[in-house]
file query23.cif (mmCIF, C-alpha atoms)
data_upload
#
loop_
_atom_site.label_atom_id
_atom_site.label_comp_id
_atom_site.auth_asym_id
_atom_site.auth_seq_id
_atom_site.Cartn_x
_atom_site.Cartn_y
_atom_site.Cartn_z
CA MET A 22 140.87 85.25 69.60
CA LEU A 23 140.14 81.73 68.47
CA THR A 24 139.80 81.21 64.77
CA ASN A 25 137.05 79.11 63.31
CA SER A 26 139.50 76.21 62.93
CA TYR A 27 139.89 75.98 66.70
CA GLU A 28 136.35 76.78 67.70
CA THR A 29 135.65 73.58 69.59
CA PRO A 30 137.77 71.43 71.91
CA ALA A 31 137.55 68.59 69.39
CA LEU A 32 138.98 70.78 66.63
CA ILE A 33 141.86 71.89 68.89
CA ALA A 34 142.68 68.32 69.92
CA THR A 35 142.55 67.05 66.35
CA ALA A 36 144.69 69.91 65.04
CA ILE A 37 147.38 69.26 67.69
CA SER A 38 147.41 65.59 66.77
CA LYS A 39 148.14 66.65 63.22
CA GLY A 40 151.14 68.71 64.35
CA ASP A 41 149.46 72.14 64.27
CA LYS A 42 151.67 74.43 66.46
CA LYS A 43 149.08 77.22 66.37
CA ALA A 44 146.54 74.83 67.91
CA GLU A 45 148.95 74.23 70.81
CA GLU A 46 149.04 77.96 71.52
CA VAL A 47 145.26 78.07 71.40
CA LEU A 48 145.16 75.16 73.85
CA PHE A 49 147.32 77.06 76.34
CA LYS A 50 145.48 80.32 75.92
CA LYS A 51 142.13 78.72 76.47
CA TYR A 52 142.89 76.23 79.24
CA TYR A 53 145.97 77.34 81.11
CA LYS A 54 144.44 79.97 83.40
CA PRO A 55 141.43 77.94 84.55
CA THR A 56 143.63 74.88 85.09
CA LEU A 57 146.07 76.93 87.10
CA TYR A 58 143.20 78.43 89.09
CA ILE A 59 141.81 74.98 89.92
CA LEU A 60 145.22 73.75 91.02
CA GLU A 61 145.83 76.83 93.12
CA ARG A 62 142.59 76.21 94.94
CA LYS A 63 143.53 72.59 95.53
CA THR A 64 147.13 73.12 96.59
CA GLY A 65 146.87 76.51 98.24
CA ASP A 66 150.35 77.15 96.87
CA ALA A 67 150.77 79.37 93.81
CA GLU A 68 154.23 78.11 92.89
CA LEU A 69 153.36 74.46 93.32
CA ALA A 70 150.18 74.99 91.32
CA GLN A 71 152.19 76.55 88.53
CA ASP A 72 154.60 73.60 88.49
CA LEU A 73 151.74 71.12 88.41
CA CYS A 74 149.96 73.08 85.73
CA GLN A 75 153.01 73.18 83.50
CA GLU A 76 153.50 69.47 84.00
CA ALA A 77 149.86 68.78 83.17
CA PHE A 78 150.16 70.67 79.90
CA CYS A 79 153.39 68.90 79.01
CA ILE A 80 151.72 65.51 79.57
CA MET A 81 148.68 66.63 77.64
CA LEU A 82 150.67 67.94 74.72
CA GLU A 83 152.88 64.87 74.46
CA ARG A 84 149.80 62.69 74.57
CA LEU A 85 147.99 64.68 71.86
CA ARG A 86 151.09 64.78 69.68
CA SER A 87 151.64 61.05 69.95
CA ARG A 88 148.10 59.80 69.64
CA PRO A 89 144.72 61.45 69.04
CA LEU A 90 142.11 61.33 71.82
CA ASP A 91 139.37 58.73 71.47
CA GLU A 92 136.85 61.44 72.44
CA PRO A 93 138.44 64.75 71.39
CA ASP A 94 135.37 66.73 72.42
CA LYS A 95 136.20 65.75 76.01
CA LEU A 96 139.49 67.59 75.91
CA ALA A 97 138.68 69.63 79.05
CA GLY A 98 137.77 66.51 81.00
CA PHE A 99 141.00 64.87 79.93
CA LEU A 100 143.06 67.86 81.02
CA HIS A 101 141.21 68.03 84.30
CA THR A 102 141.92 64.37 85.02
CA ILE A 103 145.64 64.86 84.35
CA ALA A 104 145.77 67.90 86.64
CA ILE A 105 143.88 66.17 89.45
CA ASN A 106 146.02 63.05 89.19
CA LEU A 107 149.15 65.16 89.40
CA HIS A 108 147.79 66.90 92.44
CA ILE A 109 146.97 63.58 94.11
CA GLY A 110 150.42 62.30 93.20
CA GLU A 111 151.92 65.43 94.69
CA ILE A 112 150.13 64.82 97.91
CA ARG A 113 151.32 61.22 98.02
CA LYS A 114 154.87 61.91 97.13
CA SER A 115 156.14 65.40 96.56
CA SER A 116 159.49 64.17 95.27
CA ARG A 117 157.81 62.24 92.51
CA ARG A 118 157.45 65.36 90.42
CA LYS A 119 160.16 65.63 87.80
CA THR A 120 161.37 68.59 85.83
CA PHE A 121 160.45 68.71 82.19
CA THR A 122 162.93 70.06 79.76
CA ASN A 123 160.55 70.72 76.91
CA GLN A 124 161.61 74.34 76.49
CA ALA A 125 159.04 75.03 73.78
CA VAL A 126 156.23 74.22 76.19
CA LEU A 127 157.82 76.11 79.07
CA ASP A 128 158.25 79.19 76.90
CA VAL A 129 154.59 79.23 76.12
CA VAL A 130 153.38 78.75 79.67
CA ALA A 131 156.01 80.77 81.48
CA ASP A 132 154.81 84.27 82.15
CA ALA A 133 157.32 86.53 83.83
CA SER A 134 154.79 89.26 84.38
CA GLN A 135 152.34 86.91 86.10
CA ASN A 136 153.41 87.77 89.63
CA GLN A 137 153.37 91.51 88.96
CA TYR A 138 149.92 91.16 87.46
CA ARG A 139 148.74 89.23 90.50
CA ILE A 140 149.99 91.90 92.87
CA LEU A 141 148.33 94.62 90.84
CA GLN A 142 145.12 92.64 90.64
CA LYS A 143 145.18 92.03 94.38
CA GLU A 144 145.52 95.75 95.02
CA ARG A 145 142.63 96.49 92.70
CA VAL A 146 140.49 93.87 94.39
CA ALA A 147 141.29 95.26 97.83
CA LYS A 148 140.41 98.77 96.70
CA ALA A 149 137.16 97.65 95.10
CA VAL A 150 136.18 95.62 98.15
CA ARG A 151 136.84 98.59 100.41
CA GLN A 152 134.73 100.84 98.19
CA LEU A 153 131.98 98.24 98.09
CA VAL A 154 131.89 97.91 101.88
CA GLU A 155 131.90 101.67 102.35
CA SER A 156 129.05 102.09 99.90
CA MET A 157 126.88 99.62 101.81
CA ASP A 158 124.98 101.64 104.41
CA ASN A 159 122.79 98.76 105.46
CA THR A 160 124.24 96.84 108.39
CA ARG A 161 122.19 93.78 107.56
CA ASP A 162 123.66 93.61 104.04
CA ARG A 163 127.15 93.69 105.50
CA LYS A 164 126.25 90.95 107.92
CA LEU A 165 124.94 88.96 105.01
CA LEU A 166 128.27 89.23 103.16
CA TYR A 167 130.18 88.46 106.33
CA GLY A 168 128.10 85.39 107.07
CA PHE A 169 128.17 84.08 103.52
CA PHE A 170 131.72 84.76 102.36
CA ILE A 171 133.71 84.81 105.56
CA GLN A 172 131.85 82.53 107.91
CA GLU A 173 130.67 80.40 104.95
CA LYS A 174 127.29 79.92 106.53
CA ASP A 175 124.44 78.30 104.69
CA LYS A 176 122.12 80.67 102.83
CA ALA A 177 119.05 79.45 104.72
CA GLU A 178 120.84 79.87 108.05
CA ILE A 179 121.75 83.47 107.25
CA CYS A 180 118.21 84.21 106.07
CA ASP A 181 116.88 82.83 109.33
CA GLU A 182 119.33 84.85 111.43
CA LEU A 183 118.70 88.11 109.60
CA ASP A 184 115.01 87.48 109.04
CA LEU A 185 115.35 87.64 105.27
CA SER A 186 113.62 85.87 102.45
CA LEU A 187 115.76 83.74 100.13
CA ARG A 188 114.85 86.05 97.28
CA HIS A 189 116.01 89.10 99.20
CA PHE A 190 119.23 87.28 100.03
CA ASP A 191 119.86 86.57 96.34
CA LYS A 192 119.11 90.17 95.48
CA VAL A 193 121.57 91.59 98.00
CA LEU A 194 124.27 89.12 96.98
CA PHE A 195 123.75 89.77 93.29
CA ARG A 196 123.92 93.54 93.79
CA ALA A 197 127.12 93.24 95.79
CA LYS A 198 128.74 91.13 93.07
CA GLN A 199 127.48 93.49 90.40
CA ARG A 200 128.80 96.55 92.20
CA PHE A 201 132.12 94.85 92.85
CA ARG A 202 132.51 94.06 89.16
CA GLU A 203 131.65 97.65 88.23
CA LEU A 204 134.22 98.99 90.68
CA LEU A 205 136.89 96.65 89.32
CA THR A 206 136.06 97.61 85.74
CA GLU A 207 136.08 101.32 86.56
CA ASP A 208 139.47 100.98 88.23
CA THR A 209 140.92 98.99 85.33
CA GLU A 210 139.67 101.50 82.77
CA SER A 211 140.98 104.38 84.85
CA SER A 212 144.40 102.73 85.07
CA SER A 213 144.42 102.14 81.32
CA ARG A 214 143.65 105.80 80.63
CA LYS A 215 146.44 106.92 82.96
CA SER A 216 148.97 104.61 81.35
CA ARG A 217 148.06 105.92 77.88
CA THR A 218 148.51 109.56 78.91
CA MET B 1299 111.79 92.99 87.24
CA GLU B 1300 115.36 92.86 88.40
CA ILE B 1301 117.50 89.92 87.37
CA ILE B 1302 118.97 88.51 90.55
CA SER B 1303 121.10 85.78 89.02
CA GLU B 1304 123.28 86.91 86.19
CA HIS B 1305 124.80 83.54 85.50
CA LYS B 1306 122.82 80.37 85.28
CA TYR B 1307 125.43 78.66 87.45
CA GLU B 1308 125.35 81.34 90.15
CA ASP B 1309 124.38 78.97 92.95
CA GLN B 1310 127.00 76.47 91.84
CA VAL B 1311 129.64 79.22 91.78
CA ASP B 1312 128.80 80.08 95.39
CA ALA B 1313 128.73 76.43 96.40
CA TYR B 1314 132.07 75.77 94.69
CA LEU B 1315 133.74 78.71 96.39
CA ASN B 1316 132.23 77.86 99.76
CA ASN B 1317 133.33 74.22 99.37
CA THR B 1318 129.86 72.84 99.84
CA MET B 1319 129.91 70.66 96.70
CA ASP B 1320 130.57 66.96 96.86
CA ALA B 1321 133.59 65.58 94.99
CA ALA B 1322 131.71 64.47 91.89
CA ASP B 1323 129.85 67.75 91.48
CA LYS B 1324 133.04 69.65 92.07
CA ALA B 1325 134.91 67.74 89.36
CA ALA B 1326 132.05 68.23 86.90
CA PHE B 1327 131.92 71.92 87.72
CA GLU B 1328 135.65 72.30 87.21
CA VAL B 1329 135.46 70.65 83.80
CA LEU B 1330 132.61 73.01 82.94
CA MET B 1331 134.77 75.89 84.09
CA LEU B 1332 137.56 74.77 81.73
CA GLU B 1333 135.14 74.73 78.83
CA ASP B 1334 133.15 77.88 79.60
CA SER B 1335 135.34 80.98 79.83
CA ALA B 1336 132.40 83.13 81.00
CA LEU B 1337 131.81 80.77 83.90
CA PHE B 1338 135.51 80.86 84.77
CA GLU B 1339 135.47 84.66 84.77
CA ARG B 1340 132.43 84.64 87.03
CA VAL B 1341 134.10 82.24 89.45
CA GLN B 1342 137.21 84.42 89.50
CA LEU B 1343 135.18 87.55 90.12
CA VAL B 1344 133.20 86.08 93.02
CA ASP B 1345 136.32 84.47 94.42
CA ALA B 1346 138.13 87.82 94.26
CA LEU B 1347 135.24 89.40 96.15
CA LYS B 1348 135.34 86.63 98.72
CA GLN B 1349 139.11 86.81 99.18
CA GLY B 1350 138.98 90.59 99.32
CA LEU B 1351 136.33 90.47 102.01
CA ILE B 1352 138.30 87.89 103.96
CA SER B 1353 141.42 90.07 103.78
CA ASP B 1354 139.44 93.09 104.81
CA LYS B 1355 136.97 91.44 107.13
CA GLU B 1356 137.94 93.76 109.97
CA ALA B 1357 136.78 96.69 107.84
CA LEU B 1358 133.51 94.90 107.16
CA VAL B 1359 132.92 94.34 110.87
CA GLN B 1360 134.14 97.80 111.87
CA ALA B 1361 132.03 99.45 109.21
CA SER B 1362 128.99 97.67 110.55
CA GLU B 1363 129.80 98.78 114.08
CA ALA B 1364 130.52 102.35 112.98
CA THR B 1365 127.25 102.55 111.11
CA ARG B 1366 125.37 101.28 114.12
CA GLN B 1367 127.08 103.69 116.53
CA SER B 1368 127.46 106.89 114.54
CA SER B 1369 124.38 107.06 112.41
CA PRO B 1370 121.74 104.65 113.57
CA ARG B 1371 119.03 106.64 111.83
CA THR B 1372 120.61 106.16 108.41
CA THR B 1373 120.39 102.40 108.73
CA ALA B 1374 117.12 101.27 107.31
CA LEU B 1375 116.33 97.88 108.74
CA ILE B 1376 113.11 96.75 107.19
CA LEU B 1377 111.64 93.90 109.15
CA PRO B 1378 108.65 91.75 108.49
CA PHE B 1379 105.68 92.49 110.77
CA ALA B 1380 106.26 89.43 112.96
CA ALA B 1381 109.87 90.41 113.58
CA TRP B 1382 108.97 94.04 114.06
CA VAL B 1383 106.46 93.18 116.77
CA ARG B 1384 109.17 91.28 118.64
CA GLN B 1385 111.38 94.39 118.88
CA PRO B 1386 111.68 95.80 122.46
CA MET B 1387 110.45 99.26 121.47
CA SER B 1388 107.56 97.72 119.59
CA LEU B 1389 106.59 95.75 122.68
CA ALA B 1390 106.78 98.89 124.80
CA ALA B 1391 104.71 100.82 122.28
CA SER B 1392 102.15 98.04 122.19
CA VAL B 1393 101.83 98.07 125.98
CA LEU B 1394 101.48 101.87 125.96
CA VAL B 1395 98.77 101.75 123.32
CA ALA B 1396 96.96 99.05 125.29
CA VAL B 1397 97.13 101.07 128.52
CA LEU B 1398 95.90 104.22 126.79
CA GLY B 1399 93.12 102.25 125.19
CA VAL B 1400 91.97 100.80 128.50
CA GLN B 1401 92.27 104.19 130.15
CA THR B 1402 90.20 105.86 127.45
CA PHE B 1403 87.59 103.16 127.67
CA TYR B 1404 87.48 103.34 131.44
CA GLN B 1405 87.28 107.14 131.39
CA GLY B 1406 84.39 106.96 128.97
CA PHE B 1407 82.71 104.44 131.21
CA LEU B 1408 83.18 106.68 134.24
CA ASN B 1409 81.78 109.67 132.43
CA GLN B 1410 78.78 107.70 131.36
CA THR B 1411 78.05 106.47 134.85
CA GLY B 1412 78.79 109.82 136.51
CA ARG B 1413 81.23 108.36 138.99
CA SER B 1414 84.17 110.50 138.07
CA GLY B 1415 85.89 112.44 140.83
CA ALA B 1416 86.04 115.50 138.63
CA LEU B 1417 83.09 117.83 138.88
CA PRO B 1418 82.58 120.73 136.51
CA ILE B 1419 81.79 123.86 138.56
CA GLY B 1420 78.77 125.78 137.34
CA SER B 1421 79.01 128.84 139.58
CA LEU B 1422 81.33 130.46 142.07
CA VAL B 1423 79.73 131.88 145.16
CA LEU B 1424 81.98 134.31 146.99
CA VAL B 1425 80.92 134.67 150.62
CA GLU B 1426 82.64 137.52 152.41
CA GLY B 1427 82.00 138.61 155.94
CA THR B 1428 79.80 141.72 156.19
CA ARG B 1429 78.25 143.59 159.06
CA SER B 1430 74.87 143.90 157.39
CA ASP B 1431 72.07 141.31 157.36
CA THR B 1432 71.34 141.76 153.68
CA SER B 1433 71.77 138.86 151.30
CA SER B 1434 74.28 138.76 148.50
CA THR B 1435 72.55 137.76 145.31
CA PHE B 1436 74.01 135.23 142.91
CA THR B 1437 72.68 133.98 139.62
CA GLY B 1438 73.90 130.67 138.28
CA SER B 1439 73.39 126.94 138.19
CA GLY B 1440 75.14 124.22 140.16
CA PRO B 1441 77.38 122.67 141.09
CA TYR B 1442 78.47 125.60 143.25
CA LEU B 1443 81.89 126.42 144.58
CA PHE B 1444 81.44 128.32 147.81
CA GLN B 1445 84.50 130.35 148.67
CA ILE B 1446 83.97 131.56 152.23
CA ASP B 1447 86.07 134.19 153.93
CA ALA B 1448 87.27 132.93 157.31
CA GLY B 1449 89.40 136.03 157.84
CA LEU B 1450 93.06 136.61 157.04
CA GLY B 1451 95.26 134.81 159.53
CA THR B 1452 92.43 132.76 160.99
CA LYS B 1453 93.77 129.36 161.89
CA ALA B 1454 92.02 126.24 163.05
CA GLU B 1455 92.46 122.53 162.83
CA ALA B 1456 89.23 122.28 160.86
CA PHE B 1457 86.35 124.36 159.66
CA ALA B 1458 82.72 123.35 159.24
CA VAL B 1459 80.29 124.84 156.76
CA THR B 1460 76.53 124.59 157.05
CA LEU B 1461 74.13 125.85 154.43
CA ARG B 1462 70.64 126.43 155.78
CA ASN B 1463 67.48 127.22 153.96
CA ARG B 1464 66.36 130.58 155.32
CA VAL B 1465 62.67 129.71 155.05
CA THR B 1466 62.72 126.29 156.67
CA ASN B 1467 65.93 126.82 158.66
CA SER B 1468 66.83 123.23 157.83
CA PRO B 1469 70.42 122.43 156.82
CA VAL B 1470 70.79 121.73 153.14
CA VAL B 1471 74.48 120.91 153.27
CA GLN B 1472 76.88 120.24 156.12
CA GLU B 1473 80.58 119.82 155.50
CA GLN B 1474 83.19 119.33 158.19
CA GLY B 1475 86.95 118.94 158.37
CA LEU B 1476 87.62 121.73 155.87
CA GLN B 1477 90.87 123.70 155.72
CA ALA B 1478 91.48 127.39 155.06
CA ASP B 1479 94.19 128.50 152.67
CA ASN B 1480 96.89 131.08 153.49
CA ASN B 1481 94.54 133.89 152.55
CA GLY B 1482 91.84 132.68 154.89
CA TRP B 1483 89.49 131.20 152.29
CA VAL B 1484 87.56 128.03 152.96
CA ARG B 1485 86.19 126.31 149.89
CA VAL B 1486 83.42 123.79 149.56
CA VAL B 1487 81.69 122.37 146.55
CA ILE B 1488 77.95 121.88 146.77
CA ASN B 1489 76.63 119.59 144.10
CA ALA B 1490 72.98 120.42 144.32
CA GLU B 1491 70.56 122.78 142.66
CA LEU B 1492 69.99 125.74 144.97
CA ALA B 1493 67.32 128.34 144.68
CA GLY B 1494 66.29 130.93 147.25
CA GLU B 1495 67.88 132.46 150.27
CA TYR B 1496 70.40 130.53 152.32
CA ALA B 1497 72.42 131.12 155.44
CA VAL B 1498 76.04 130.12 155.15
CA GLU B 1499 77.55 129.32 158.54
CA LEU B 1500 81.27 128.87 158.99
CA THR B 1501 82.25 127.35 162.35
CA TRP B 1502 85.64 126.59 163.88
CA SER B 1503 87.43 126.38 167.23
CA ASP B 1504 90.03 129.10 167.92
CA ASP B 1505 93.34 128.82 169.78
CA GLN B 1506 91.63 128.84 173.15
CA GLY B 1507 89.18 126.19 172.11
CA VAL B 1508 86.29 128.63 171.85
CA THR B 1509 83.85 127.92 169.05
CA GLN B 1510 83.63 130.76 166.54
CA THR B 1511 80.83 131.20 164.04
CA ARG B 1512 80.55 133.51 161.03
CA SER B 1513 77.29 133.66 159.17
CA SER B 1514 76.36 135.23 155.83
CA LEU B 1515 73.25 135.34 153.68
CA VAL B 1516 73.16 134.46 150.00
CA ASP B 1517 70.31 134.61 147.59
CA ILE B 1518 70.73 132.23 144.71
CA ASN B 1519 68.75 132.41 141.50
CA ASN B 1520 68.93 129.81 138.77
#
call {"tool": "encode", "arguments": {"input": "query23.cif", "output": "structure tokens"}}
result
Amino acid sequence: MLTNSYETPALIATAISKGDKKAEEVLFKKYYKPTLYILERKTGDAELAQDLCQEAFCIMLERLRSRPLDEPDKLAGFLHTIAINLHIGEIRKSSRRKTFTNQAVLDVVADASQNQYRILQKERVAKAVRQLVESMDNTRDRKLLYGFFIQEKDKAEICDELDLSLRHFDKVLFRAKQRFRELLTEDTESSSRKSRT
Amino acid sequence: MEIISEHKYEDQVDAYLNNTMDAADKAAFEVLMLEDSALFERVQLVDALKQGLISDKEALVQASEATRQSSPRTTALILPFAAWVRQPMSLAASVLVAVLGVQTFYQGFLNQTGRSGALPIGSLVLVEGTRSDTSSTFTGSGPYLFQIDAGLGTKAEAFAVTLRNRVTNSPVVQEQGLQADNNGWVRVVINAELAGEYAVELTWSDDQGVTQTRSSLVDINN
């Protein structure tokens, strides 16, 4: 939970510039996962994305420690630029990446349980998806999901093929997402109860 | 009213995950995702759904096939009217309705003009061979179905029936080319109003080519 002192990106950036170690932790907690997610999507490689993400945070932290940002409220944009540049650099020359030895940073970002969590999460997702598909007794709704998520067809194209209105399309898609979230939540809560007993 | 877009960036989330954003929009969206944890969670959720469906796409396809094959009646496919009309069964039903409509109209037209082949029988006149010259009396209105006894086992290529007015001796009806059934009955419908005494003559050629005649008297009262 962020405290009031670190409520905005500008406050986090300013605090880090002043040597606030707690602010560094807040920075990682808030931005690490989405940055890693973005890099995973771009690289398609979980390990490489993790390396690039760690490197991005090292660069970011060293920069903030050495000199405050001109526009601290654009902290996210700054981090994004670093991550994207690293990714582009990786594409150009994979050997260019060097290993950082800042153990303090690595300790914060390294998460040994990450892979186990991913596997567990993947299993839960698969289970929820299966339940969602089984609960859909309308063939057209299944075709809609297939066309949109798997074939990545345009919404209008799918509506035309299935003779649907755009509003109906949105409704079906929204319900599927909603149901999927409920199934995931139910499964997570059920697992939590089992682990407690 | 149901909310069909939980997040204000729902369309952008779908576009981002389906890679339909241009580079600038994508970068702006990613920065927004870094700043807005709720948006990031939404993206992760929809992405998980997408990846899960991709991993299990066979199940999605198979489930669709299974639904179609095993329980077609449980699948409610609600189509707009225009699409519904284009369905094969709808076309067939439309043709059937049109044919029935035309038939009903035509039937009504026929009934009005009296040109129908069907004729409602008003009275049955049973004419059996007797040895006496007395008339059989019938009461009823036309049209008349004359059922004339040709004799059990009587066979001929054709029978002729003549109905004569007993007073004037003039033929009222003459029908030729009639057939007898297995019980020896020859039937003829007379669509005319009859009143009075009539001679019913049944004529045929036997096996030797000899003309045979059987005559009976009927007295018809309206």
call {"tool": "closest_atom_pairs", "arguments": {"input": "query23.cif", "of": "chain A", "to": "chain B", "cutoff": "7 Å", "atoms": "all atoms listed in the file", "output": "JSON lines"}}
result
{"residue": "A:Tyr52", "atom": "CA", "partner": "B:Leu1332", "partner_atom": "CA", "distance": 6.1}
{"residue": "A:Pro55", "atom": "CA", "partner": "B:Leu1332", "partner_atom": "CA", "distance": 5.7}
{"residue": "A:Thr56", "atom": "CA", "partner": "B:Leu1332", "partner_atom": "CA", "distance": 6.9}
{"residue": "A:Ala97", "atom": "CA", "partner": "B:Val1329", "partner_atom": "CA", "distance": 5.8}
{"residue": "A:Gly98", "atom": "CA", "partner": "B:Val1329", "partner_atom": "CA", "distance": 5.5}
{"residue": "A:His101", "atom": "CA", "partner": "B:Val1329", "partner_atom": "CA", "distance": 6.3}
{"residue": "A:Val146", "atom": "CA", "partner": "B:Gly1350", "partner_atom": "CA", "distance": 6.1}
{"residue": "A:Ala147", "atom": "CA", "partner": "B:Gly1350", "partner_atom": "CA", "distance": 5.4}
{"residue": "A:Val150", "atom": "CA", "partner": "B:Gly1350", "partner_atom": "CA", "distance": 5.9}
{"residue": "A:Val154", "atom": "CA", "partner": "B:Leu1358", "partner_atom": "CA", "distance": 6.3}
{"residue": "A:Asp158", "atom": "CA", "partner": "B:Thr1373", "partner_atom": "CA", "distance": 6.3}
{"residue": "A:Asn159", "atom": "CA", "partner": "B:Thr1373", "partner_atom": "CA", "distance": 5.5}
{"residue": "A:Thr160", "atom": "CA", "partner": "B:Ser1362", "partner_atom": "CA", "distance": 5.3}
{"residue": "A:Arg163", "atom": "CA", "partner": "B:Leu1358", "partner_atom": "CA", "distance": 6.7}
{"residue": "A:Phe170", "atom": "CA", "partner": "B:Lys1348", "partner_atom": "CA", "distance": 5.5}
{"residue": "A:Ile171", "atom": "CA", "partner": "B:Ile1352", "partner_atom": "CA", "distance": 5.8}
{"residue": "A:Glu173", "atom": "CA", "partner": "B:Asn1316", "partner_atom": "CA", "distance": 6.0}
{"residue": "A:Asp191", "atom": "CA", "partner": "B:Ile1302", "partner_atom": "CA", "distance": 6.2}
{"residue": "A:Lys192", "atom": "CA", "partner": "B:Ile1302", "partner_atom": "CA", "distance": 5.2}
{"residue": "A:Phe195", "atom": "CA", "partner": "B:Ile1302", "partner_atom": "CA", "distance": 5.7}
{"residue": "A:Lys198", "atom": "CA", "partner": "B:Val1344", "partner_atom": "CA", "distance": 6.7}
call {"tool": "residues_around", "arguments": {"input": "query23.cif", "residues": "range 1460-1469 of chain B", "least_positions_apart": "3", "cutoff": "7 Å", "atoms": "all atoms listed in the file", "output": "mmCIF file with C-alpha atoms, in the frame of the given file"}}
result
data_model
loop_
_atom_site.group_PDB
_atom_site.id
_atom_site.type_symbol
_atom_site.label_atom_id
_atom_site.label_comp_id
_atom_site.auth_asym_id
_atom_site.auth_seq_id
_atom_site.Cartn_x
_atom_site.Cartn_y
_atom_site.Cartn_z
ATOM 1 C CA GLN B 1472 76.880 120.240 156.120
ATOM 2 C CA GLU B 1473 80.580 119.820 155.500
ATOM 3 C CA GLU B 1495 67.880 132.460 150.270
ATOM 4 C CA TYR B 1496 70.400 130.530 152.320
ATOM 5 C CA ALA B 1497 72.420 131.120 155.440
ATOM 6 C CA VAL B 1498 76.040 130.120 155.150
ATOM 7 C CA GLU B 1499 77.550 129.320 158.540
ATOM 8 C CA LEU B 1500 81.270 128.870 158.990
#
call {"tool": "residues_around", "arguments": {"input": "query23.cif", "residues": "Leu194 in chain A", "least_positions_apart": "4", "cutoff": "9 Å", "atoms": "only C-alpha atoms", "output": "PyMOL selection string"}}
result
(chain A and resi 162+165-166+189-190+198-199) or (chain B and resi 1302)
call {"tool": "atom_distance", "arguments": {"input": "query23.cif", "atom1": "CA of Gly1475 in chain B", "atom2": "CA of Thr1501 in chain B"}}
result
10.4 Å
call {"tool": "residues_around", "arguments": {"input": "query23.cif", "residues": "Ser1439 in chain B", "least_positions_apart": "5", "cutoff": "8 Å", "atoms": "all atoms listed in the file", "output": "PyMOL selection string"}}
result
chain B and resi 1420-1421+1491-1492+1519-1520
call {"tool": "residues_near_point", "arguments": {"input": "query23.cif", "point": "(79.5, 133.2, 160.7)", "cutoff": "12 Å", "atoms": "all atoms listed in the file", "output": "VMD selection string"}}
result
chain B and resid 1425 to 1429 1431 1446 to 1449 1457 to 1461 1497 to 1502 1509 to 1515
